[in-house]
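Engineer: Can you keep this structure in mind? I'll have questions shortly.
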Amino acid sequence: MSKKVLVATEKPFAPEAVTKIREIVEKAGYRLELLEKYTEKSALLKAVADADALIIRSDKADAEVLDASGQLKIVVRAGAGYDNIDCAKAKEKGIVAMNTPGQNSNAVAELVFAMMLYRARNFFTPKAGTELRGKTIGIHAYGNVGHYVAQIAKGFGMKILAFDPFVKRELMEKNGVTPVASVEELYEKADYVSLHLPKMKETLGFVNEALLKKMKRGAALVNTARKEVVDEDALQKVLAQRTDLSYLSDIAPDCAEALSAACPGRIYFTPKKMGAQTNEANVNAGVAAANQIVAFFEKGDTTYQVNK
Ligand code: 3PG
């Protein structure tokens, strides 16, 4: 029996991406099963039972899913953040977990600008807005997305600051980015703070009351990372006190309703996480995931393993 590669995407890839994934999988002599737009977890539990490989997006590969798999060897998150995979459980079961870093970063970076422009033009209402040119963007965490954000910001004529203690300042400077000495300085100086922190136990609620209070007058916080990196109680409190601040996020926080009611005209949430939802990003991440699976089975390649 040929290997089964299950693509389980509650939010489906673009059709072109699925076609390309299928080509790679079938060329390798494996078979592809597609589980799209599923509404019940039971559908995933059933489909994963005889899968050898699993490709997911933000779909949860938690302990229950991994336990439901009888012969799974590899799970690839077609994307960057792998907070949706229970990596410890996967390791315990001898399942390799991978992501596809960088493949959807440009799409996420472009959404940052879509949201900033939407805010700058007063949510497309006739009231006179502002321009991005000459404003300061503060990139909080300078990884793949942060890098693309800086590139695009240059074209807009923005001043670019970044804070990332894990990235060499020379790398930022080479890209025309000014590294700041502290995260506080970033929040004090930026007109737009763009979040690119991964969600991990060290970053939960990292954007706290003290940082939010440091934000420059009239500034906006743009979150295309994960809702959990922002402390929601602090967000509600500071936005209530500081009526000059805005919050734009690619996925609504748990307090969305209360926040929108309390801060009219200063809040925007995408209806469904859409940072990586472009044809190009879907093709890049989907193709990378399929190739990584083939390389793993055929050559034992574990380059992008995240649960070593
Ligand atoms: C990522 O971590 O790569 C992004 O959040 C994309 O998520 P998605 O594949 O669910 O759109």
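As shown in the structure tokens, the chain order sets the letters A, B, ...; within each chain, residues go from 1, and ligands are also counted from 1 in the order they appear.
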Within 8 Å of Gly286 (chain A), counting only C-alpha atoms, which residues show up once you throw out same-chain ones fewer than 5 positions away? Write them as a list of chain:residue names, please.
Structural biologist: A:Phe13, A:Ala17, A:Val18, A:Lys20, A:Ile21, A:Ala78
Engineer: Can you list every residue in region 17-213 of chain A that DSSP puts in strand (DSSP E or B), as number ranges by chain?
Structural biologist: A: 31-36, 53-56, 61, 74-77, 85, 96-99, 136-140, 159-163, 178-179, 192-195, 207
Engineer: For the residues in that selection, give me C-alpha atoms as a compact mmCIF listing (two decimals), in the first residue's frame.
Structural biologist:
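Output file out10.txt follows:
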```
# COMPACT_ATOMS: atom_id res chain seq x y z
CA ARG A 31 -1.40 9.11 -2.51
CA LEU A 32 -3.00 12.35 -1.40
CA GLU A 33 -6.14 12.64 0.67
CA LEU A 34 -7.77 16.01 1.04
CA LEU A 35 -9.80 17.00 4.07
CA GLU A 36 -10.91 20.60 3.60
CA ALA A 53 2.21 12.14 6.66
CA LEU A 54 0.07 15.12 7.54
CA ILE A 55 0.07 18.66 6.13
CA ILE A 56 -1.82 21.26 8.16
CA ALA A 61 -2.35 18.58 15.74
CA ILE A 74 5.68 13.34 9.96
CA VAL A 75 3.44 16.37 10.40
CA VAL A 76 4.27 19.56 8.51
CA ARG A 77 2.74 22.88 9.41
CA ILE A 85 1.32 21.17 17.08
CA VAL A 96 8.77 14.44 13.20
CA ALA A 97 7.18 17.91 13.29
CA MET A 98 8.25 20.55 10.77
CA ASN A 99 7.26 24.02 9.62
CA THR A 136 8.08 55.48 12.04
CA ILE A 137 7.39 51.77 12.04
CA GLY A 138 8.64 49.70 14.96
CA ILE A 139 9.17 46.05 14.08
CA HIS A 140 8.87 43.92 17.20
CA LYS A 159 11.65 55.34 9.20
CA ILE A 160 12.26 51.76 10.30
CA LEU A 161 13.13 50.69 13.83
CA ALA A 162 13.34 47.11 15.09
CA PHE A 163 13.82 45.29 18.34
CA THR A 178 17.77 50.97 12.96
CA PRO A 179 17.97 48.57 15.89
CA TYR A 192 3.03 51.87 14.10
CA VAL A 193 4.27 48.92 16.15
CA SER A 194 4.14 45.71 14.11
CA LEU A 195 4.21 42.45 16.08
CA VAL A 207 2.86 43.09 25.13
```
Engineer: Ligand 1: which residues are within 7 Å, counting only C-alpha atoms and all ligand atoms? Reply as a PyMOL selection string.
Structural biologist: chain A and resi 11+57-58+78-82+104+225+273-277
Engineer: Of the residues A:Ala240, A:Met1, A:Ala256, A:Leu248, which is the one nearest to Leu117 (chain A), using only C-alpha atoms?
Structural biologist: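 Going through A:Ala240, A:Met1, A:Ala256, A:Leu248 one by one, the smallest distance to Leu117 (chain A) is for A:Leu248.
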Engineer: Need the shell around region 259-272 of chain A: protein/DNA/RNA residues with any atom at most 6 Å away, counting only C-alpha atoms. Skip same-chain ones fewer than 3 positions apart. Format as a list in words?
Structural biologist: Ser246, Tyr247, Leu248, Ser249, Asp250, Ile251, Ala252, Cys255 and Ala256 of chain A
Engineer: My list of candidates is A:Glu110, A:Asn208, A:Thr100, A:Thr243. Which is closest to Glu228 (chain A) when distances are computed with only C-alpha atoms?
Structural biologist: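 Once distances to Glu228 (chain A) are computed over only C-alpha atoms, the minimum belongs to A:Asn208.
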